[in-house]
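The file my_file.pdb comes next; it holds PDB, C-alpha atoms and all ligand atoms.
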```pdb
ATOM      1  CA  MET K   1       4.305 -14.687   2.386
ATOM      2  CA  ARG K   2       7.771 -13.617   3.428
ATOM      3  CA  GLY K   3      11.045 -13.910   1.555
ATOM      4  CA  LEU K   4      12.257 -13.054  -1.909
ATOM      5  CA  PHE K   5      10.595 -14.343  -5.066
ATOM      6  CA  ASN K   6      11.749 -14.237  -8.644
ATOM      7  CA  GLN K   7       9.762 -12.338 -11.260
ATOM      8  CA  LYS K   8       7.685 -15.360 -12.297
ATOM      9  CA  GLN K   9       6.834 -16.210  -8.676
ATOM     10  CA  GLN K  10       5.934 -12.581  -7.965
ATOM     11  CA  ASP K  11       3.581 -12.506 -10.956
ATOM     12  CA  GLU K  12       2.012 -15.814  -9.871
ATOM     13  CA  ARG K  13       1.460 -14.505  -6.332
ATOM     14  CA  ILE K  14      -0.180 -11.371  -7.616
ATOM     15  CA  GLU K  15      -2.362 -13.454  -9.934
ATOM     16  CA  GLU K  16      -3.354 -15.672  -6.978
ATOM     17  CA  LEU K  17      -4.154 -12.626  -4.907
ATOM     18  CA  LEU K  18      -6.362 -11.202  -7.659
ATOM     19  CA  GLU K  19      -8.210 -14.504  -7.992
ATOM     20  CA  LYS K  20      -8.832 -14.611  -4.242
ATOM     21  CA  THR K  21     -10.203 -11.065  -4.226
ATOM     22  CA  VAL K  22     -12.845 -12.184  -6.717
ATOM     23  CA  LYS K  23     -13.834 -15.146  -4.557
ATOM     24  CA  ILE K  24     -14.275 -13.335  -1.252
ATOM     25  CA  LYS K  25     -17.140 -10.984  -0.625
ATOM     26  CA  THR K  26     -15.841  -7.592   0.443
ATOM     27  CA  ASN K  27     -17.832  -4.676   1.705
ATOM     28  CA  LEU K  28     -15.232  -2.013   2.277
ATOM     29  CA  PHE K  29     -16.599   1.243   3.538
ATOM     30  CA  GLN K  30     -15.389   4.803   3.153
ATOM     31  CA  GLU K  31     -17.190   8.075   2.415
ATOM     32  CA  THR K  32     -15.429   8.913  -0.828
ATOM     33  CA  LYS K  33     -15.858  10.030  -4.398
ATOM     34  CA  ASP K  34     -13.074   7.608  -5.332
ATOM     35  CA  LYS K  35     -15.312   4.508  -5.353
ATOM     36  CA  GLU K  36     -12.725   2.395  -7.182
ATOM     37  CA  GLN K  37     -10.665   2.106  -4.010
ATOM     38  CA  LEU K  38     -13.555   0.090  -2.548
ATOM     39  CA  ASN K  39     -12.994  -2.555  -5.230
ATOM     40  CA  PRO K  40      -9.805  -4.433  -4.269
ATOM     41  CA  GLN K  41      -9.437  -6.184  -7.587
ATOM     42  CA  LYS K  42      -9.728  -3.068  -9.726
ATOM     43  CA  ARG K  43      -7.424  -1.011  -7.547
ATOM     44  CA  LEU K  44      -4.824  -3.790  -7.215
ATOM     45  CA  VAL K  45      -4.732  -4.219 -11.006
ATOM     46  CA  SER K  46      -4.410  -0.474 -11.516
ATOM     47  CA  ILE K  47      -1.558  -0.070  -9.014
ATOM     48  CA  ASN K  48       0.178  -3.195 -10.277
ATOM     49  CA  ASN K  49       0.077  -1.835 -13.839
ATOM     50  CA  VAL K  50       1.711   1.414 -12.701
ATOM     51  CA  LEU K  51       4.389  -0.413 -10.712
ATOM     52  CA  ASN K  52       5.150  -2.642 -13.703
ATOM     53  CA  ALA K  53       5.346   0.372 -16.018
ATOM     54  CA  VAL K  54       7.879   2.226 -13.851
ATOM     55  CA  LYS K  55       9.807  -0.836 -12.692
ATOM     56  CA  GLY K  56      12.795  -0.203 -14.969
ATOM     57  CA  LYS K  57      13.195   3.335 -13.655
ATOM     58  CA  LEU K  58      13.187   2.562  -9.961
ATOM     59  CA  GLY K  59      16.631   1.016  -9.576
ATOM     60  CA  ARG K  60      16.528  -1.743  -6.996
ATOM     61  CA  PRO K  61      14.734  -0.314  -3.979
ATOM     62  CA  LYS K  62      14.812  -2.468  -0.880
ATOM     63  CA  THR K  63      12.447  -0.370   1.212
ATOM     64  CA  ALA K  64       9.412   1.771   0.474
ATOM     65  CA  ILE K  65       6.897   3.880   2.290
ATOM     66  CA  ASN K  66       3.623   4.562   0.627
ATOM     67  CA  ILE K  67       1.866   7.639   1.778
ATOM     68  CA  GLY K  68      -1.906   7.530   2.048
ATOM     69  CA  SER K  69      -2.004   3.747   1.887
ATOM     70  CA  GLY K  70      -5.791   3.513   2.182
ATOM     71  CA  PHE K  71      -6.696  -0.165   2.173
ATOM     72  CA  ALA K  72      -2.981  -1.077   1.829
ATOM     73  CA  TYR K  73      -3.096  -2.359  -1.747
ATOM     74  CA  GLU K  74       0.229  -0.849  -2.765
ATOM     75  CA  THR K  75       1.868  -1.854   0.525
ATOM     76  CA  VAL K  76       1.076  -5.496  -0.183
ATOM     77  CA  LEU K  77       1.997  -5.310  -3.884
ATOM     78  CA  LEU K  78       5.362  -3.711  -3.105
ATOM     79  CA  HIS K  79       6.032  -6.443  -0.548
ATOM     80  CA  ILE K  80       5.223  -9.205  -3.027
ATOM     81  CA  LYS K  81       7.584  -7.497  -5.475
ATOM     82  CA  GLY K  82      10.401  -7.883  -2.945
ATOM     83  CA  ILE K  83      10.373  -4.327  -1.556
ATOM     84  CA  LYS K  84       9.858  -4.080   2.195
ATOM     85  CA  ALA K  85       6.936  -1.722   2.549
ATOM     86  CA  VAL K  86       5.224   0.326   5.241
ATOM     87  CA  GLY K  87       2.019   2.158   4.365
ATOM     88  CA  ILE K  88       1.148   5.370   6.185
ATOM     89  CA  GLU K  89      -2.548   6.040   6.553
ATOM     90  CA  LYS K  90      -4.238   8.467   8.935
ATOM     91  CA  VAL K  91      -7.790   7.075   8.836
ATOM     92  CA  HIS K  92      -8.247   4.441  11.547
ATOM     93  CA  LEU K  93     -11.293   2.831   9.944
ATOM     94  CA  LYS K  94      -9.381   2.241   6.722
ATOM     95  CA  ASN K  95      -6.478   0.629   8.540
ATOM     96  CA  ILE K  96      -8.795  -1.730  10.425
ATOM     97  CA  GLN K  97     -10.493  -2.735   7.183
ATOM     98  CA  ALA K  98      -7.129  -3.194   5.437
ATOM     99  CA  LEU K  99      -5.937  -5.599   8.146
ATOM    100  CA  THR K 100      -9.173  -7.592   7.962
ATOM    101  CA  LEU K 101      -9.207  -7.646   4.163
ATOM    102  CA  PHE K 102      -5.674  -8.987   3.782
ATOM    103  CA  HIS K 103      -6.042 -11.506   6.601
ATOM    104  CA  ARG K 104      -9.030 -12.879   4.712
ATOM    105  CA  LEU K 105      -6.810 -12.976   1.612
ATOM    106  CA  GLU K 106      -4.232 -14.929   3.679
ATOM    107  CA  ILE K 107      -1.620 -12.188   3.615
ATOM    108  CA  LEU K 108      -0.027 -11.257   6.886
ATOM    109  CA  LEU K 109      -0.417  -7.504   6.807
ATOM    110  CA  VAL K 110       0.406  -6.103  10.255
ATOM    111  CA  GLN K 111       0.154  -2.806  12.026
ATOM    112  CA  THR K 112       3.354  -1.139  13.240
ATOM    113  CA  GLU K 113       3.870   1.737  15.652
ATOM    114  CA  GLU K 114       7.056   2.921  13.949
ATOM    115  CA  LEU K 115       8.689   2.858  10.548
ATOM    116  CA  ASP K 116       9.957  -0.693  10.879
ATOM    117  CA  PHE K 117      10.575  -2.342   7.509
ATOM    118  CA  SER K 118      11.266  -5.712   9.125
ATOM    119  CA  LYS K 119       7.496  -5.913   9.757
ATOM    120  CA  SER K 120       6.668  -5.650   6.025
ATOM    121  CA  PRO K 121       3.994  -5.651   4.777
ATOM    122  CA  ALA K 122       2.890  -3.220   7.479
ATOM    123  CA  ILE K 123       0.732  -0.179   7.991
ATOM    124  CA  LEU K 124       1.430   2.699  10.315
ATOM    125  CA  GLU K 125      -1.451   4.845  11.451
ATOM    126  CA  ALA K 126      -0.251   8.445  11.292
ATOM    127  CA  ASP K 127      -0.642  11.758   9.564
ATOM    128  CA  PHE K 128       2.338  11.922   7.245
ATOM    129  CA  HIS K 129       2.740  15.661   7.854
ATOM    130  CA  LYS K 130       3.268  15.105  11.556
ATOM    131  CA  MET K 131       5.893  12.399  11.176
ATOM    132  CA  ARG K 132       9.604  12.965  11.687
ATOM    133  CA  PHE K 133      12.085  11.098   9.517
ATOM    134  CA  ASP K 134      15.362  12.384  10.993
ATOM    135  CA  LYS K 135      17.340   9.165  10.990
ATOM    136  CA  GLN K 136      15.208   7.151   8.611
ATOM    137  CA  LYS K 137      16.496   5.950   5.302
ATOM    138  CA  VAL K 138      14.068   4.798   2.664
ATOM    139  CA  ASP K 139      14.749   3.894  -0.965
ATOM    140  CA  LEU K 140      11.334   4.597  -2.473
ATOM    141  CA  ILE K 141       8.318   6.742  -1.627
ATOM    142  CA  THR K 142       5.063   6.080  -3.422
ATOM    143  CA  MET K 143       1.776   7.991  -3.473
ATOM    144  CA  PHE K 144      -1.124   6.439  -5.358
ATOM    145  CA  TYR K 145      -4.349   8.285  -6.013
ATOM    146  CA  LEU K 146      -3.352  11.216  -3.860
ATOM    147  CA  SER K 147      -3.967  14.047  -6.307
ATOM    148  CA  LYS K 148      -6.174  15.960  -3.828
ATOM    149  CA  GLU K 149      -3.407  15.875  -1.242
ATOM    150  CA  LEU K 150      -0.886  17.120  -3.791
ATOM    151  CA  ILE K 151      -3.105  20.034  -4.777
ATOM    152  CA  MET K 152      -3.888  21.047  -1.200
ATOM    153  CA  ASN K 153      -0.425  20.363   0.245
ATOM    154  CA  PRO K 154       2.089  20.509  -2.607
ATOM    155  CA  GLU K 155       4.922  20.520  -0.050
ATOM    156  CA  THR K 156       4.159  16.847   0.611
ATOM    157  CA  LEU K 157       5.800  15.991  -2.698
TER     158      LEU K 157
HETATM  159  C1  LIG X 201      -7.843   8.372  -2.465
HETATM  160  S1  LIG X 201      -7.170   7.469  -1.146
HETATM  161  C2  LIG X 201      -6.046   6.388  -2.014
HETATM  162  C3  LIG X 201      -5.644   5.224  -1.156
HETATM  163  C4  LIG X 201      -4.652   4.273  -1.797
HETATM  164  N1  LIG X 201      -3.387   4.920  -2.047
HETATM  165  C5  LIG X 201      -5.203   3.677  -3.054
HETATM  166  O1  LIG X 201      -4.660   3.948  -4.133
HETATM  167  O2  LIG X 201      -6.183   2.931  -2.987
HETATM  168  C6  LIG X 201      -6.044   8.632  -0.390
HETATM  169  C7  LIG X 201      -5.660   8.227   1.029
HETATM  170  O3  LIG X 201      -4.644   9.084   1.521
HETATM  171  C8  LIG X 201      -4.867   9.293   2.906
HETATM  172  N2  LIG X 201      -4.138  10.504   3.313
HETATM  173  C9  LIG X 201      -4.286  11.756   2.801
HETATM  174  N3  LIG X 201      -3.439  12.604   3.407
HETATM  175  C10 LIG X 201      -2.742  11.874   4.320
HETATM  176  C11 LIG X 201      -1.718  12.213   5.268
HETATM  177  N4  LIG X 201      -1.272  13.455   5.388
HETATM  178  N5  LIG X 201      -1.206  11.234   6.044
HETATM  179  C12 LIG X 201      -1.684   9.964   5.934
HETATM  180  N6  LIG X 201      -2.653   9.588   5.058
HETATM  181  C13 LIG X 201      -3.171  10.528   4.268
HETATM  182  C14 LIG X 201      -6.381   9.409   2.992
HETATM  183  O4  LIG X 201      -6.860   9.186   4.301
HETATM  184  C15 LIG X 201      -6.822   8.341   1.994
HETATM  185  O5  LIG X 201      -7.021   7.099   2.622
END
```

Could you write out this file's structure as C-alpha cells?
Ligand SMILES: C[S@@+](CC[C@H](N)C(=O)[O-])C[C@H]1O[C@@H](n2cnc3c(N)ncnc32)[C@H](O)[C@@H]1O
Amino acid sequence: MRGLFNQKQQDERIEELLEKTVKIKTNLFQETKDKEQLNPQKRLVSINNVLNAVKGKLGRPKTAINIGSGFAYETVLLHIKGIKAVGIEKVHLKNIQALTLFHRLEILLVQTEELDFSKSPAILEADFHKMRFDKQKVDLITMFYLSKELIMNPETL
C-alpha cells in the first residue's frame, strides 16, 4: 500500500477499505463514551468526509502527525491520500488493537519509536505533551474527535 496514487485510485482504495471493514468482524475495546470510534466503518467515513471537505484548504502537505490517533483511522486515511502520516496515541491497548485491525484489513500499519515519516502509515506510542519537536518539520497536524483534550488542555492547540 505504498507509493503515490491519483485521486481516483485514492478514492477506490478508500472504498475497498470500507468494504473490507464491513466483511471482517471487529470487536474493538475501549472504555469510552465515544462509542462510534469502536465502529471502524463509521469513523473512517466520518474522518474521510472531513478530510475531503478541507482538502482545498490544506495546500499540498507531504507529512502529517495526527494527535490522539486512537485506532489509527486518520493515520491510514492520510497515508492513502498521499500524505506520510504518523499517529501519536498514548493508550497502549488502542495501539495494539490498531495494528491488529489494519493488518487484518491488509494495510501495513507499523509502530515507530520516533517521528519517522518514512515508516508511514505508522503509530507512535507517546503522550503528545511530553514529546519534543525541536528539529522536526511537519506540514500538517490533525486532531480528530479530541474536543475533551482541547477543553482540558487548550495549549495543545
Ligand atoms: C476520542 S479518541 C479519538 C481517536 C481518533 N482520533 C478517532 O477519531 O477515532 C481521543 C484519543 O486521543 C488520545 N489522547 C488524548 N490526549 C492525548 C495525548 N496527550 N497524547 C496522545 N494521545 C492522546 C486518547 O487516548 C484517545 O485515544

Exercise. Within 10 Å of ligand LIG 201 (chain X), counting all atoms listed in the file: which residues, as an NGL selection string?
Worked result: :K and (30 or 32-40 or 42-44 or 46-47 or 66-75 or 87-95 or 124-131 or 142-150 or 152-153 or 156)

For this session: For atom CA of Phe117 of chain K and atom CA of Ala64 of chain K, determine how far apart the two atoms are, in Å to one decimal place.
Result: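 Spanning atom CA of Phe117 of chain K to atom CA of Ala64 of chain K is a straight-line distance of 8.2 Å.
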
Problem set entry | For Ile65 of chain K, the nearest of the candidates K:Asn6, K:Ser120, K:Thr21, K:Asn27, counting all atoms listed in the file |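 So, comparing all the options, the nearest one is K:Ser120.
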
For this session: Find the residues around segment 48-54 of chain K up to 9 Å (all atoms listed in the file counted), leave out those fewer than 6 positions away in its own chain, and share them as a ChimeraX atom specification.
Result: /K:14,74,77-78

For this session: Please identify all polymer residues within 8 Å of segment 107-111 of chain K, counting all atoms listed in the file, omitting same-chain residues fewer than 4 positions from it, and present them as a list in words.
Result: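 Counting all atoms listed in the file, the residues come to Met1, Val76, Leu99, Phe102, His103, Lys119, Ser120, Pro121, Ala122, Ile123, Leu124 and Glu125 of chain K.
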
Can you sort out the box for segment 118-121 of chain K, edges along x, y and z, all listed atoms in, 6 Å on every side, with centre and edge lengths in Å to one decimal, as AutoDock Vina command-line options?
```
--center_x 7.6 --center_y -5.8 --center_z 7.3 --size_x 19.3 --size_y 12.3 --size_z 17.0
```

Problem set entry | Best match for closeness to Glu106 of chain K among K:Lys55, K:Lys137, K:Arg13, K:Arg132, counting only C-alpha atoms |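 Between K:Lys55, K:Lys137, K:Arg13, K:Arg132, the residue approaching Glu106 of chain K most closely is K:Arg13.
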
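The two atoms in question, atom CA of Val22 of chain K and atom CA of Ala85 of chain K, are spaced 24.2 Å apart.
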
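One distance worth recording is that between atom CA of Glu114 of chain K and atom CA of Leu157 of chain K, which is 21.2 Å.
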
For this session: Using only C-alpha atoms, find the one residue out of K:Ile141, K:Leu4, K:Gln41, K:Lys57 that sits nearest to Thr26 of chain K.
Result: K:Gln41

Problem set entry | Non-local contacts of Asp139 of chain K (8 Å; only C-alpha atoms; under 6 positions in same chain excluded) as a VMD selection string | chain K and resid 61 to 64

Problem set entry | Chain and number of each residue from the PyMOL selection byres (((chain K and resi 81) around 8) and not hetatm), as number ranges by chain | K: 5, 7, 10, 77-80, 82-83

Would you output segment 12-81 of chain K from that structure, restricted to C-alpha atoms, as a short mmCIF file (atom, residue, chain, number, x, y, z; two decimals), in the first residue's frame?
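Contents of selection25.cif, freshly written:
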```
data_model
loop_
_atom_site.label_atom_id
_atom_site.label_comp_id
_atom_site.auth_asym_id
_atom_site.auth_seq_id
_atom_site.Cartn_x
_atom_site.Cartn_y
_atom_site.Cartn_z
CA GLU K 12 -11.00 3.41 -4.91
CA ARG K 13 -8.60 2.35 -2.14
CA ILE K 14 -10.71 4.03 0.49
CA GLU K 15 -13.83 2.39 -0.94
CA GLU K 16 -12.07 -1.01 -0.84
CA LEU K 17 -11.02 -0.40 2.73
CA LEU K 18 -14.58 0.47 3.75
CA GLU K 19 -15.90 -2.68 2.07
CA LYS K 20 -13.35 -4.81 3.91
CA THR K 21 -14.27 -3.28 7.27
CA VAL K 22 -17.84 -4.48 6.71
CA LYS K 23 -16.68 -8.01 5.92
CA ILE K 24 -14.41 -8.56 8.91
CA LYS K 25 -15.75 -9.00 12.39
CA THR K 26 -14.20 -6.45 14.72
CA ASN K 27 -14.52 -6.27 18.46
CA LEU K 28 -12.53 -3.21 19.37
CA PHE K 29 -12.47 -2.44 23.04
CA GLN K 30 -12.11 0.82 24.92
CA GLU K 31 -13.89 2.25 27.97
CA THR K 32 -15.36 5.32 26.31
CA LYS K 33 -18.46 7.41 25.84
CA ASP K 34 -17.40 7.89 22.22
CA LYS K 35 -18.73 4.50 21.03
CA GLU K 36 -18.50 5.47 17.35
CA GLN K 37 -14.73 5.08 17.44
CA LEU K 38 -15.32 1.36 18.03
CA ASN K 39 -17.01 1.15 14.62
CA PRO K 40 -14.23 1.37 12.00
CA GLN K 41 -16.56 1.93 9.09
CA LYS K 42 -18.50 4.78 10.66
CA ARG K 43 -15.41 6.54 11.95
CA LEU K 44 -13.47 6.10 8.70
CA VAL K 45 -16.37 7.58 6.71
CA SER K 46 -16.67 10.49 9.13
CA ILE K 47 -12.95 11.33 9.05
CA ASN K 48 -12.78 10.87 5.29
CA ASN K 49 -15.67 13.31 4.84
CA VAL K 50 -13.85 15.93 6.92
CA LEU K 51 -10.59 15.42 5.04
CA ASN K 52 -12.40 15.75 1.71
CA ALA K 53 -14.17 18.91 2.88
CA VAL K 54 -10.95 20.67 3.90
CA LYS K 55 -8.77 19.27 1.12
CA GLY K 56 -8.72 22.50 -0.89
CA LYS K 57 -7.53 24.50 2.11
CA LEU K 58 -4.62 22.31 3.11
CA GLY K 59 -2.14 23.17 0.37
CA ARG K 60 -0.11 20.12 -0.54
CA PRO K 61 1.11 18.63 2.73
CA LYS K 62 3.64 15.85 2.40
CA THR K 63 3.76 14.89 6.06
CA ALA K 64 1.24 14.83 8.89
CA ILE K 65 1.06 13.91 12.52
CA ASN K 66 -2.30 13.16 13.99
CA ILE K 67 -2.56 13.63 17.68
CA GLY K 68 -4.69 11.18 19.63
CA SER K 69 -4.78 8.69 16.78
CA GLY K 70 -6.89 6.14 18.66
CA PHE K 71 -7.36 3.16 16.36
CA ALA K 72 -5.30 4.93 13.65
CA TYR K 73 -8.15 5.62 11.22
CA GLU K 74 -6.92 9.07 10.22
CA THR K 75 -3.30 7.90 10.04
CA VAL K 76 -4.25 5.33 7.42
CA LEU K 77 -6.59 7.67 5.51
CA LEU K 78 -3.93 10.39 5.33
CA HIS K 79 -1.44 7.82 4.03
CA ILE K 80 -3.82 6.62 1.32
CA LYS K 81 -4.32 10.27 0.35
#
```
